[in-house]
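upload_14.cif (mmCIF, C-alpha atoms) appears below.
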data_input
#
loop_
_atom_site.group_PDB
_atom_site.id
_atom_site.type_symbol
_atom_site.label_atom_id
_atom_site.label_comp_id
_atom_site.auth_asym_id
_atom_site.auth_seq_id
_atom_site.Cartn_x
_atom_site.Cartn_y
_atom_site.Cartn_z
ATOM 1 C CA MET X 23 14.555 22.699 -4.857
ATOM 2 C CA ASN X 24 17.392 25.163 -4.250
ATOM 3 C CA GLY X 25 16.490 27.400 -1.328
ATOM 4 C CA LYS X 26 13.714 25.071 -0.185
ATOM 5 C CA ILE X 27 13.663 23.618 3.339
ATOM 6 C CA CYS X 28 12.204 20.142 3.736
ATOM 7 C CA MET X 29 11.578 18.022 6.823
ATOM 8 C CA VAL X 30 11.395 14.254 6.389
ATOM 9 C CA THR X 31 10.395 12.050 9.327
ATOM 10 C CA GLY X 32 11.450 8.443 9.749
ATOM 11 C CA ALA X 33 14.450 9.263 7.577
ATOM 12 C CA THR X 34 17.245 7.028 8.846
ATOM 13 C CA SER X 35 16.279 4.045 6.670
ATOM 14 C CA GLY X 36 13.884 2.804 4.005
ATOM 15 C CA ILE X 37 11.526 5.167 2.202
ATOM 16 C CA GLY X 38 12.354 8.125 4.439
ATOM 17 C CA LEU X 39 16.088 7.893 3.851
ATOM 18 C CA ALA X 40 15.617 7.457 0.101
ATOM 19 C CA THR X 41 13.281 10.485 0.061
ATOM 20 C CA ALA X 42 15.772 12.616 1.986
ATOM 21 C CA ILE X 43 18.589 11.627 -0.398
ATOM 22 C CA GLU X 44 16.605 12.606 -3.484
ATOM 23 C CA LEU X 45 15.459 15.938 -2.038
ATOM 24 C CA ALA X 46 19.045 16.744 -1.011
ATOM 25 C CA ARG X 47 20.211 15.761 -4.491
ATOM 26 C CA LYS X 48 17.704 18.252 -5.911
ATOM 27 C CA GLY X 49 19.301 21.023 -3.854
ATOM 28 C CA ALA X 50 16.945 21.280 -0.884
ATOM 29 C CA THR X 51 18.018 21.826 2.701
ATOM 30 C CA VAL X 52 16.820 18.617 4.368
ATOM 31 C CA ILE X 53 16.112 18.101 8.066
ATOM 32 C CA ILE X 54 15.806 14.437 8.924
ATOM 33 C CA VAL X 55 13.911 13.236 11.977
ATOM 34 C CA SER X 56 14.116 9.881 13.731
ATOM 35 C CA ARG X 57 14.275 8.716 17.326
ATOM 36 C CA ASP X 58 17.884 7.457 17.554
ATOM 37 C CA PRO X 59 20.428 10.343 17.605
ATOM 38 C CA GLN X 60 23.306 8.098 16.512
ATOM 39 C CA ARG X 61 21.376 6.705 13.557
ATOM 40 C CA CYS X 62 20.331 10.256 12.657
ATOM 41 C CA GLN X 63 23.949 11.399 12.555
ATOM 42 C CA ALA X 64 24.939 8.340 10.521
ATOM 43 C CA ALA X 65 22.110 9.085 8.065
ATOM 44 C CA VAL X 66 23.210 12.715 7.729
ATOM 45 C CA LEU X 67 26.747 11.625 6.865
ATOM 46 C CA HIS X 68 25.418 9.033 4.414
ATOM 47 C CA ILE X 69 23.164 11.558 2.653
ATOM 48 C CA ARG X 70 25.986 14.091 2.417
ATOM 49 C CA GLN X 71 28.301 11.455 0.941
ATOM 50 C CA GLN X 72 25.671 10.293 -1.550
ATOM 51 C CA THR X 73 24.667 13.766 -2.719
ATOM 52 C CA GLY X 74 27.556 16.102 -1.999
ATOM 53 C CA SER X 75 25.097 18.335 -0.153
ATOM 54 C CA SER X 76 26.260 20.236 2.910
ATOM 55 C CA THR X 77 22.721 21.309 3.829
ATOM 56 C CA VAL X 78 21.518 18.149 5.563
ATOM 57 C CA GLU X 79 20.750 18.427 9.264
ATOM 58 C CA THR X 80 18.927 16.415 11.916
ATOM 59 C CA ILE X 81 16.641 16.989 14.871
ATOM 60 C CA PRO X 82 16.209 13.636 16.665
ATOM 61 C CA ALA X 83 12.791 12.915 18.211
ATOM 62 C CA ASP X 84 10.689 9.921 19.206
ATOM 63 C CA LEU X 85 7.518 10.674 17.282
ATOM 64 C CA SER X 86 5.376 8.368 19.399
ATOM 65 C CA SER X 87 5.862 10.896 22.236
ATOM 66 C CA GLN X 88 3.763 14.044 22.105
ATOM 67 C CA PHE X 89 6.271 15.833 24.367
ATOM 68 C CA GLN X 90 9.098 15.069 21.946
ATOM 69 C CA ILE X 91 6.978 16.125 18.953
ATOM 70 C CA ARG X 92 6.442 19.482 20.644
ATOM 71 C CA GLN X 93 10.162 19.757 21.383
ATOM 72 C CA LEU X 94 10.905 18.952 17.743
ATOM 73 C CA ALA X 95 8.564 21.676 16.494
ATOM 74 C CA GLN X 96 10.077 24.232 18.868
ATOM 75 C CA ALA X 97 13.639 23.269 17.925
ATOM 76 C CA PHE X 98 12.824 23.532 14.228
ATOM 77 C CA GLN X 99 11.134 26.917 14.575
ATOM 78 C CA SER X 100 14.065 28.297 16.584
ATOM 79 C CA ARG X 101 16.523 27.303 13.837
ATOM 80 C CA TYR X 102 14.624 27.807 10.587
ATOM 81 C CA SER X 103 12.494 30.696 9.391
ATOM 82 C CA GLN X 104 10.723 28.708 6.664
ATOM 83 C CA LEU X 105 9.364 25.238 5.916
ATOM 84 C CA ASP X 106 8.505 24.501 2.313
ATOM 85 C CA VAL X 107 7.833 20.767 2.497
ATOM 86 C CA LEU X 108 6.847 18.460 5.353
ATOM 87 C CA VAL X 109 7.037 14.752 4.540
ATOM 88 C CA ASN X 110 5.276 12.724 7.237
ATOM 89 C CA ASN X 111 6.704 9.239 6.817
ATOM 90 C CA ALA X 112 7.567 7.802 10.239
ATOM 91 C CA GLY X 113 5.481 4.776 11.181
ATOM 92 C CA ALA X 114 5.605 1.166 12.304
ATOM 93 C CA PHE X 115 3.648 -2.061 12.588
ATOM 94 C CA PHE X 116 3.070 -3.614 16.022
ATOM 95 C CA LEU X 117 1.983 -7.233 16.192
ATOM 96 C CA ARG X 118 1.234 -6.998 19.910
ATOM 97 C CA ARG X 119 -0.518 -4.138 21.642
ATOM 98 C CA GLN X 120 1.827 -1.588 23.175
ATOM 99 C CA GLU X 121 1.287 1.879 24.599
ATOM 100 C CA SER X 122 3.237 5.074 24.007
ATOM 101 C CA ALA X 123 4.681 7.298 26.743
ATOM 102 C CA ASP X 124 1.320 9.107 26.667
ATOM 103 C CA GLY X 125 -0.631 5.898 27.303
ATOM 104 C CA VAL X 126 -1.929 5.729 23.730
ATOM 105 C CA GLU X 127 -1.934 2.518 21.686
ATOM 106 C CA MET X 128 1.350 2.659 19.808
ATOM 107 C CA THR X 129 0.099 2.166 16.234
ATOM 108 C CA PHE X 130 -2.405 4.997 16.566
ATOM 109 C CA ALA X 131 0.104 7.198 18.421
ATOM 110 C CA LEU X 132 2.978 6.809 15.964
ATOM 111 C CA ASN X 133 1.216 6.289 12.644
ATOM 112 C CA HIS X 134 -1.569 8.863 13.039
ATOM 113 C CA LEU X 135 -1.289 11.213 16.018
ATOM 114 C CA ASN X 136 2.333 11.885 15.080
ATOM 115 C CA TYR X 137 1.268 13.160 11.623
ATOM 116 C CA PHE X 138 -1.599 15.141 13.115
ATOM 117 C CA LEU X 139 0.289 16.889 15.926
ATOM 118 C CA LEU X 140 3.531 17.618 14.083
ATOM 119 C CA THR X 141 1.672 19.050 11.093
ATOM 120 C CA TYR X 142 -0.541 21.186 13.320
ATOM 121 C CA LEU X 143 2.453 22.595 15.226
ATOM 122 C CA LEU X 144 4.285 23.476 12.000
ATOM 123 C CA LEU X 145 1.287 24.841 10.084
ATOM 124 C CA ASP X 146 2.042 28.501 10.779
ATOM 125 C CA ARG X 147 5.582 28.088 9.451
ATOM 126 C CA LEU X 148 4.250 26.269 6.363
ATOM 127 C CA LYS X 149 1.650 28.975 5.736
ATOM 128 C CA ALA X 150 4.297 31.684 6.101
ATOM 129 C CA SER X 151 6.422 29.856 3.499
ATOM 130 C CA ALA X 152 3.581 29.409 0.993
ATOM 131 C CA PRO X 153 3.397 27.942 -1.517
ATOM 132 C CA ALA X 154 4.233 24.932 0.664
ATOM 133 C CA ARG X 155 3.456 21.222 0.616
ATOM 134 C CA ILE X 156 2.522 18.497 3.093
ATOM 135 C CA VAL X 157 3.122 14.937 1.921
ATOM 136 C CA ASN X 158 1.663 12.102 3.997
ATOM 137 C CA VAL X 159 2.963 8.600 3.374
ATOM 138 C CA ALA X 160 -0.086 6.350 3.752
ATOM 139 C CA SER X 161 -0.632 2.878 2.277
ATOM 140 C CA ASP X 162 -3.113 0.814 0.318
ATOM 141 C CA SER X 163 -3.454 -1.079 3.608
ATOM 142 C CA HIS X 164 -6.162 1.510 4.284
ATOM 143 C CA ARG X 165 -8.420 -0.233 1.766
ATOM 144 C CA GLY X 166 -11.101 -2.228 3.520
ATOM 145 C CA ALA X 167 -10.190 -0.731 6.884
ATOM 146 C CA ARG X 168 -12.571 1.185 9.141
ATOM 147 C CA ILE X 169 -12.080 3.647 11.988
ATOM 148 C CA ASN X 170 -13.415 1.960 15.119
ATOM 149 C CA PHE X 171 -14.534 5.035 17.035
ATOM 150 C CA ASN X 172 -15.875 2.814 19.825
ATOM 151 C CA ASP X 173 -12.441 1.293 20.448
ATOM 152 C CA LEU X 174 -9.805 3.372 18.672
ATOM 153 C CA GLN X 175 -6.989 1.970 20.774
ATOM 154 C CA GLY X 176 -7.860 -1.711 20.549
ATOM 155 C CA LYS X 177 -8.443 -2.105 24.270
ATOM 156 C CA ARG X 178 -11.234 -4.621 23.776
ATOM 157 C CA GLY X 179 -9.388 -6.827 21.338
ATOM 158 C CA TYR X 180 -6.192 -5.893 19.534
ATOM 159 C CA ASN X 181 -5.284 -7.076 16.055
ATOM 160 C CA GLY X 182 -2.028 -5.682 14.682
ATOM 161 C CA PHE X 183 -3.140 -5.804 11.055
ATOM 162 C CA GLN X 184 -6.456 -4.100 11.779
ATOM 163 C CA ALA X 185 -4.701 -1.442 13.872
ATOM 164 C CA TYR X 186 -2.261 -0.768 11.039
ATOM 165 C CA GLY X 187 -5.025 -0.574 8.423
ATOM 166 C CA GLN X 188 -7.001 1.788 10.660
ATOM 167 C CA SER X 189 -3.953 4.032 11.103
ATOM 168 C CA LYS X 190 -3.369 4.205 7.341
ATOM 169 C CA LEU X 191 -7.047 5.055 6.745
ATOM 170 C CA ALA X 192 -6.612 7.747 9.386
ATOM 171 C CA ASN X 193 -3.685 9.133 7.348
ATOM 172 C CA VAL X 194 -5.906 9.508 4.286
ATOM 173 C CA LEU X 195 -8.896 10.929 6.180
ATOM 174 C CA PHE X 196 -6.560 13.393 7.910
ATOM 175 C CA THR X 197 -5.000 14.428 4.601
ATOM 176 C CA TYR X 198 -8.357 15.157 2.993
ATOM 177 C CA GLU X 199 -9.689 17.058 6.011
ATOM 178 C CA LEU X 200 -6.441 19.034 6.239
ATOM 179 C CA ALA X 201 -6.671 19.933 2.549
ATOM 180 C CA ARG X 202 -10.221 21.202 3.066
ATOM 181 C CA ARG X 203 -9.131 23.340 6.022
ATOM 182 C CA LEU X 204 -6.169 24.745 4.080
ATOM 183 C CA GLU X 205 -8.166 25.904 1.063
ATOM 184 C CA GLY X 206 -6.904 29.330 0.039
ATOM 185 C CA ALA X 207 -3.737 29.103 2.152
ATOM 186 C CA GLN X 208 -1.462 27.969 -0.710
ATOM 187 C CA VAL X 209 -0.436 24.956 1.360
ATOM 188 C CA THR X 210 -1.284 21.623 -0.240
ATOM 189 C CA ALA X 211 -1.783 18.273 1.475
ATOM 190 C CA ASN X 212 -1.635 14.969 -0.376
ATOM 191 C CA ALA X 213 -1.300 11.297 0.579
ATOM 192 C CA LEU X 214 0.377 8.433 -1.205
ATOM 193 C CA HIS X 215 0.824 4.689 -1.424
ATOM 194 C CA PRO X 216 4.546 3.961 -1.866
ATOM 195 C CA GLY X 217 4.037 0.389 -3.047
ATOM 196 C CA PHE X 218 5.141 -2.818 -1.342
ATOM 197 C CA VAL X 219 8.626 -1.760 -0.302
ATOM 198 C CA ALA X 220 11.462 -3.743 1.255
ATOM 199 C CA THR X 221 12.012 -1.818 4.502
ATOM 200 C CA ASN X 222 12.561 -2.566 8.188
ATOM 201 C CA ILE X 223 8.847 -2.257 8.976
ATOM 202 C CA GLY X 224 7.580 -5.155 11.078
ATOM 203 C CA LYS X 225 11.046 -6.311 12.097
ATOM 204 C CA ASN X 226 10.523 -4.834 15.562
ATOM 205 C CA ASN X 227 8.184 -7.732 16.407
ATOM 206 C CA GLY X 228 10.689 -10.346 17.567
ATOM 207 C CA LEU X 229 12.933 -12.996 16.051
ATOM 208 C CA LEU X 230 10.232 -14.693 13.974
ATOM 209 C CA ALA X 231 9.316 -11.417 12.284
ATOM 210 C CA ARG X 232 12.970 -10.690 11.539
ATOM 211 C CA LEU X 233 13.243 -14.106 9.893
ATOM 212 C CA VAL X 234 9.936 -14.008 8.013
ATOM 213 C CA MET X 235 9.970 -10.402 6.722
ATOM 214 C CA PRO X 236 12.926 -10.822 4.319
ATOM 215 C CA ILE X 237 11.104 -13.797 2.758
ATOM 216 C CA ALA X 238 7.812 -11.888 2.571
ATOM 217 C CA GLN X 239 9.651 -9.009 0.892
ATOM 218 C CA LEU X 240 11.266 -11.050 -1.873
ATOM 219 C CA ASN X 241 8.927 -9.446 -4.417
ATOM 220 C CA ALA X 242 9.054 -6.003 -2.822
ATOM 221 C CA ILE X 243 10.412 -2.938 -4.580
ATOM 222 C CA ARG X 244 13.506 -1.069 -3.432
ATOM 223 C CA PRO X 245 13.156 1.939 -1.093
ATOM 224 C CA GLU X 246 14.376 4.207 -3.903
ATOM 225 C CA GLU X 247 11.379 3.148 -5.998
ATOM 226 C CA GLY X 248 9.048 3.460 -3.010
ATOM 227 C CA ALA X 249 10.228 7.034 -2.459
ATOM 228 C CA ARG X 250 9.519 8.195 -6.014
ATOM 229 C CA THR X 251 5.914 9.295 -5.475
ATOM 230 C CA GLY X 252 6.752 11.137 -2.267
ATOM 231 C CA VAL X 253 9.621 12.968 -3.941
ATOM 232 C CA TYR X 254 7.327 13.777 -6.873
ATOM 233 C CA LEU X 255 4.687 15.262 -4.555
ATOM 234 C CA ALA X 256 7.340 17.196 -2.644
ATOM 235 C CA SER X 257 9.104 18.695 -5.627
ATOM 236 C CA SER X 258 7.375 18.416 -8.996
ATOM 237 C CA PRO X 259 5.851 21.515 -10.621
ATOM 238 C CA ASP X 260 3.242 19.140 -12.091
ATOM 239 C CA VAL X 261 1.407 19.034 -8.741
ATOM 240 C CA GLU X 262 1.709 22.703 -7.839
ATOM 241 C CA GLY X 263 -1.653 23.620 -6.295
ATOM 242 C CA VAL X 264 -2.940 20.018 -6.289
ATOM 243 C CA SER X 265 -4.358 19.127 -2.871
ATOM 244 C CA GLY X 266 -6.550 16.559 -1.142
ATOM 245 C CA THR X 267 -5.524 13.762 -3.507
ATOM 246 C CA TYR X 268 -4.238 10.203 -3.129
ATOM 247 C CA PHE X 269 -1.350 9.145 -5.366
ATOM 248 C CA THR X 270 0.184 5.858 -6.481
ATOM 249 C CA ARG X 271 3.131 5.638 -8.910
ATOM 250 C CA GLU X 272 3.057 9.412 -9.322
ATOM 251 C CA LYS X 273 -0.565 9.279 -10.508
ATOM 252 C CA PRO X 274 -3.745 10.432 -8.738
ATOM 253 C CA VAL X 275 -6.039 7.495 -7.904
ATOM 254 C CA GLN X 276 -9.221 6.952 -5.926
ATOM 255 C CA SER X 277 -8.675 5.886 -2.341
ATOM 256 C CA ASP X 278 -11.075 3.603 -0.448
ATOM 257 C CA PRO X 279 -14.683 4.891 -0.287
ATOM 258 C CA ALA X 280 -14.404 5.079 3.515
ATOM 259 C CA SER X 281 -11.730 7.766 3.142
ATOM 260 C CA TYR X 282 -14.265 10.195 1.634
ATOM 261 C CA ASP X 283 -16.569 10.082 4.695
ATOM 262 C CA LEU X 284 -16.755 13.743 5.749
ATOM 263 C CA GLN X 285 -18.352 13.000 9.111
ATOM 264 C CA ALA X 286 -15.689 10.409 9.962
ATOM 265 C CA ALA X 287 -12.934 12.844 8.952
ATOM 266 C CA ARG X 288 -14.323 15.592 11.188
ATOM 267 C CA GLN X 289 -14.850 13.184 14.073
ATOM 268 C CA LEU X 290 -11.312 11.849 13.726
ATOM 269 C CA TRP X 291 -9.945 15.403 13.682
ATOM 270 C CA GLU X 292 -11.839 16.344 16.844
ATOM 271 C CA ILE X 293 -10.752 13.207 18.706
ATOM 272 C CA SER X 294 -7.143 13.677 17.575
ATOM 273 C CA ALA X 295 -7.165 17.290 18.768
ATOM 274 C CA GLU X 296 -8.519 16.150 22.128
ATOM 275 C CA MET X 297 -5.953 13.343 22.461
ATOM 276 C CA THR X 298 -3.080 15.743 21.689
ATOM 277 C CA GLY X 299 -4.294 18.527 23.956
ATOM 278 C CA LEU X 300 -5.067 20.946 21.141
#
Once you've parsed the file, please lay out its structure as structure tokens.
Amino acid sequence: MNGKICMVTGATSGIGLATAIELARKGATVIIVSRDPQRCQAAVLHIRQQTGSSTVETIPADLSSQFQIRQLAQAFQSRYSQLDVLVNNAGAFFLRRQESADGVEMTFALNHLNYFLLTYLLLDRLKASAPARIVNVASDSHRGARINFNDLQGKRGYNGFQAYGQSKLANVLFTYELARRLEGAQVTANALHPGFVATNIGKNNGLLARLVMPIAQLNAIRPEEGARTGVYLASSPDVEGVSGTYFTREKPVQSDPASYDLQAARQLWEISAEMTGL
């Protein structure tokens, strides 16, 4: 990965941090993105100490905010002339309904619109750096989920688990539609299930969640294991040119049948473009 520039979102802890460490260890220049500037700086120092790499930088941004996503894209493009790999990883689980700064239900805003808008804004830089790769961290939580186009934002009845499943299905639908639109551009787009990983996800939902999650995660794998498939998709020559595929444990697998719905994918794309002002 020497000479490659990679952006990893949600990279101050968990899967994102582990992914950034491995890409830096492989020689890539890594730009980590997360909302807390202090945690970003701490993560940069940690990655440099772990890898000996001096080419780890940060651009802090709250990826639930479309304004900050646009600022992030502009800041990146002003500093870097290429982007070889974009790893969309930032996401969260919200037990209770919340809204982003843009008035969008938070799960949909952070877990899906973030991927959609950031990728769109960086597409020209990715195309100019081709061959380039887009890696979307999804989840098997998409299985059995459906996109509720009549109530995307859960205004008529919010369920945190359904909202999360919908957002992860949106990740896969988006990945497949993006791959179709990028045919011939030498930019690949793939999605992955990292496994059941012990991370901080869900611990933003109050004291009970902070107490329960460590128990629920007793059988979870370590973030380093959860990052393996993402690192593989970002760096391995084995998947050069492979696009529009869902991976688990570094292997291509079939995603849920709902993720292959072409009409739903196009409809989701159009709504996402409208909601992000594109």
Write out as a PDB file with C-alpha atoms, in the frame of the given file the residues lying within 12 Å of Leu132 in chain X, counting only C-alpha atoms and excluding same-chain residues fewer than 6 positions away.
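Done, and the output landed in selection-v5.pdb:
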ATOM      1  CA  THR X  31      10.395  12.050   9.327  1.00  0.00           C
ATOM      2  CA  GLY X  32      11.450   8.443   9.749  1.00  0.00           C
ATOM      3  CA  SER X  56      14.116   9.881  13.731  1.00  0.00           C
ATOM      4  CA  ARG X  57      14.275   8.716  17.326  1.00  0.00           C
ATOM      5  CA  ALA X  83      12.791  12.915  18.211  1.00  0.00           C
ATOM      6  CA  ASP X  84      10.689   9.921  19.206  1.00  0.00           C
ATOM      7  CA  LEU X  85       7.518  10.674  17.282  1.00  0.00           C
ATOM      8  CA  SER X  86       5.376   8.368  19.399  1.00  0.00           C
ATOM      9  CA  SER X  87       5.862  10.896  22.236  1.00  0.00           C
ATOM     10  CA  GLN X  88       3.763  14.044  22.105  1.00  0.00           C
ATOM     11  CA  GLN X  90       9.098  15.069  21.946  1.00  0.00           C
ATOM     12  CA  ILE X  91       6.978  16.125  18.953  1.00  0.00           C
ATOM     13  CA  ASN X 110       5.276  12.724   7.237  1.00  0.00           C
ATOM     14  CA  ASN X 111       6.704   9.239   6.817  1.00  0.00           C
ATOM     15  CA  ALA X 112       7.567   7.802  10.239  1.00  0.00           C
ATOM     16  CA  GLY X 113       5.481   4.776  11.181  1.00  0.00           C
ATOM     17  CA  ALA X 114       5.605   1.166  12.304  1.00  0.00           C
ATOM     18  CA  PHE X 115       3.648  -2.061  12.588  1.00  0.00           C
ATOM     19  CA  PHE X 116       3.070  -3.614  16.022  1.00  0.00           C
ATOM     20  CA  GLN X 120       1.827  -1.588  23.175  1.00  0.00           C
ATOM     21  CA  GLU X 121       1.287   1.879  24.599  1.00  0.00           C
ATOM     22  CA  SER X 122       3.237   5.074  24.007  1.00  0.00           C
ATOM     23  CA  ALA X 123       4.681   7.298  26.743  1.00  0.00           C
ATOM     24  CA  ASP X 124       1.320   9.107  26.667  1.00  0.00           C
ATOM     25  CA  GLY X 125      -0.631   5.898  27.303  1.00  0.00           C
ATOM     26  CA  VAL X 126      -1.929   5.729  23.730  1.00  0.00           C
ATOM     27  CA  PHE X 138      -1.599  15.141  13.115  1.00  0.00           C
ATOM     28  CA  LEU X 139       0.289  16.889  15.926  1.00  0.00           C
ATOM     29  CA  LEU X 140       3.531  17.618  14.083  1.00  0.00           C
ATOM     30  CA  ALA X 185      -4.701  -1.442  13.872  1.00  0.00           C
ATOM     31  CA  TYR X 186      -2.261  -0.768  11.039  1.00  0.00           C
ATOM     32  CA  SER X 189      -3.953   4.032  11.103  1.00  0.00           C
ATOM     33  CA  LYS X 190      -3.369   4.205   7.341  1.00  0.00           C
ATOM     34  CA  ALA X 192      -6.612   7.747   9.386  1.00  0.00           C
ATOM     35  CA  ASN X 193      -3.685   9.133   7.348  1.00  0.00           C
TER      36      ASN X 193
END
Within 8 Å of range 162-180 of chain X: each range 262-281 of chain X residue with its shortest pair, all atoms listed in the file, as JSON lines:
{"residue": "X:Ser277", "atom": "CA", "partner": "X:Arg165", "partner_atom": "CA", "distance": 7.4}
{"residue": "X:Asp278", "atom": "CA", "partner": "X:Arg165", "partner_atom": "CA", "distance": 5.2}
{"residue": "X:Ala280", "atom": "CA", "partner": "X:Arg168", "partner_atom": "CA", "distance": 7.1}
In Å, with one decimal, what is the gap from CA of Gly252 in chain X to CA of Phe183 in chain X?
23.7 Å
Separation of CA of Cys28 in chain X and CA of Tyr102 in chain X, in Å?
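Going from CA of Cys28 in chain X over to CA of Tyr102 in chain X covers 10.6 Å.
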Taking only C-alpha atoms into account, name the residue in X:Ala213, X:Asp146, X:Asn158, X:Gly182 that is nearest to Phe130 in chain X.
X:Gly182
Report as a count of residues only the residues that result from applying the PyMOL selection byres ((chain X and resi 41) around 8) to the structure here.
15
Which of these residues is nearest to Ser265 in chain X, using all atoms listed in the file: X:Leu94, X:Val159, X:Ala211, X:Met23?
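Smallest distance to Ser265 in chain X is found for X:Ala211.
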Nearest to Leu148 in chain X, chosen from X:Asn181, X:Thr210, X:Thr197, X:Thr129, with only C-alpha atoms counted in the distances:
X:Thr210
Of the candidates X:Gln99, X:Phe196, X:Pro274, X:Leu135, which one gets nearest to Glu296 in chain X if we count only C-alpha atoms?
X:Leu135
Reconstruct N, CA and C atoms of range 194-215 of chain X; output as an mmCIF file, keeping the file's coordinate frame.
data_model
loop_
_atom_site.group_PDB
_atom_site.id
_atom_site.type_symbol
_atom_site.label_atom_id
_atom_site.label_comp_id
_atom_site.auth_asym_id
_atom_site.auth_seq_id
_atom_site.Cartn_x
_atom_site.Cartn_y
_atom_site.Cartn_z
ATOM 1 N N VAL X 194 -5.219 8.985 5.474
ATOM 2 C CA VAL X 194 -5.906 9.508 4.286
ATOM 3 C C VAL X 194 -7.036 10.449 4.695
ATOM 4 N N LEU X 195 -7.820 10.059 5.683
ATOM 5 C CA LEU X 195 -8.896 10.929 6.180
ATOM 6 C C LEU X 195 -8.325 12.264 6.662
ATOM 7 N N PHE X 196 -7.219 12.189 7.401
ATOM 8 C CA PHE X 196 -6.560 13.393 7.910
ATOM 9 C C PHE X 196 -6.089 14.275 6.760
ATOM 10 N N THR X 197 -5.502 13.673 5.745
ATOM 11 C CA THR X 197 -5.000 14.428 4.601
ATOM 12 C C THR X 197 -6.127 15.192 3.910
ATOM 13 N N TYR X 198 -7.230 14.517 3.686
ATOM 14 C CA TYR X 198 -8.357 15.157 2.993
ATOM 15 C C TYR X 198 -8.971 16.273 3.835
ATOM 16 N N GLU X 199 -9.123 16.026 5.135
ATOM 17 C CA GLU X 199 -9.689 17.058 6.011
ATOM 18 C C GLU X 199 -8.737 18.248 6.111
ATOM 19 N N LEU X 200 -7.442 17.972 6.192
ATOM 20 C CA LEU X 200 -6.441 19.034 6.239
ATOM 21 C C LEU X 200 -6.489 19.871 4.970
ATOM 22 N N ALA X 201 -6.596 19.209 3.828
ATOM 23 C CA ALA X 201 -6.671 19.933 2.549
ATOM 24 C C ALA X 201 -7.881 20.854 2.516
ATOM 25 N N ARG X 202 -9.018 20.360 3.036
ATOM 26 C CA ARG X 202 -10.221 21.202 3.066
ATOM 27 C C ARG X 202 -10.001 22.428 3.948
ATOM 28 N N ARG X 203 -9.349 22.231 5.082
ATOM 29 C CA ARG X 203 -9.131 23.340 6.022
ATOM 30 C C ARG X 203 -8.070 24.323 5.535
ATOM 31 N N LEU X 204 -7.243 23.889 4.594
ATOM 32 C CA LEU X 204 -6.169 24.745 4.080
ATOM 33 C C LEU X 204 -6.531 25.437 2.775
ATOM 34 N N GLU X 205 -7.754 25.275 2.317
ATOM 35 C CA GLU X 205 -8.166 25.904 1.063
ATOM 36 C C GLU X 205 -7.901 27.408 1.119
ATOM 37 N N GLY X 206 -7.219 27.910 0.106
ATOM 38 C CA GLY X 206 -6.904 29.330 0.039
ATOM 39 C C GLY X 206 -5.607 29.722 0.718
ATOM 40 N N ALA X 207 -4.967 28.785 1.407
ATOM 41 C CA ALA X 207 -3.737 29.103 2.152
ATOM 42 C C ALA X 207 -2.470 28.863 1.349
ATOM 43 N N GLN X 208 -2.607 28.320 0.130
ATOM 44 C CA GLN X 208 -1.462 27.969 -0.710
ATOM 45 C C GLN X 208 -0.536 26.948 -0.036
ATOM 46 N N VAL X 209 -1.148 26.101 0.788
ATOM 47 C CA VAL X 209 -0.436 24.956 1.360
ATOM 48 C C VAL X 209 -1.228 23.725 0.962
ATOM 49 N N THR X 210 -0.592 22.818 0.236
ATOM 50 C CA THR X 210 -1.284 21.623 -0.240
ATOM 51 C C THR X 210 -1.008 20.441 0.678
ATOM 52 N N ALA X 211 -1.931 19.493 0.688
ATOM 53 C CA ALA X 211 -1.783 18.273 1.475
ATOM 54 C C ALA X 211 -2.226 17.091 0.623
ATOM 55 N N ASN X 212 -1.326 16.159 0.403
ATOM 56 C CA ASN X 212 -1.635 14.969 -0.376
ATOM 57 C C ASN X 212 -1.102 13.719 0.328
ATOM 58 N N ALA X 213 -1.717 12.581 0.001
ATOM 59 C CA ALA X 213 -1.300 11.297 0.579
ATOM 60 C C ALA X 213 -0.858 10.379 -0.549
ATOM 61 N N LEU X 214 -0.124 9.342 -0.175
ATOM 62 C CA LEU X 214 0.377 8.433 -1.205
ATOM 63 C C LEU X 214 0.512 7.011 -0.697
ATOM 64 N N HIS X 215 0.468 6.089 -1.653
ATOM 65 C CA HIS X 215 0.824 4.689 -1.424
ATOM 66 C C HIS X 215 2.178 4.467 -2.073
#
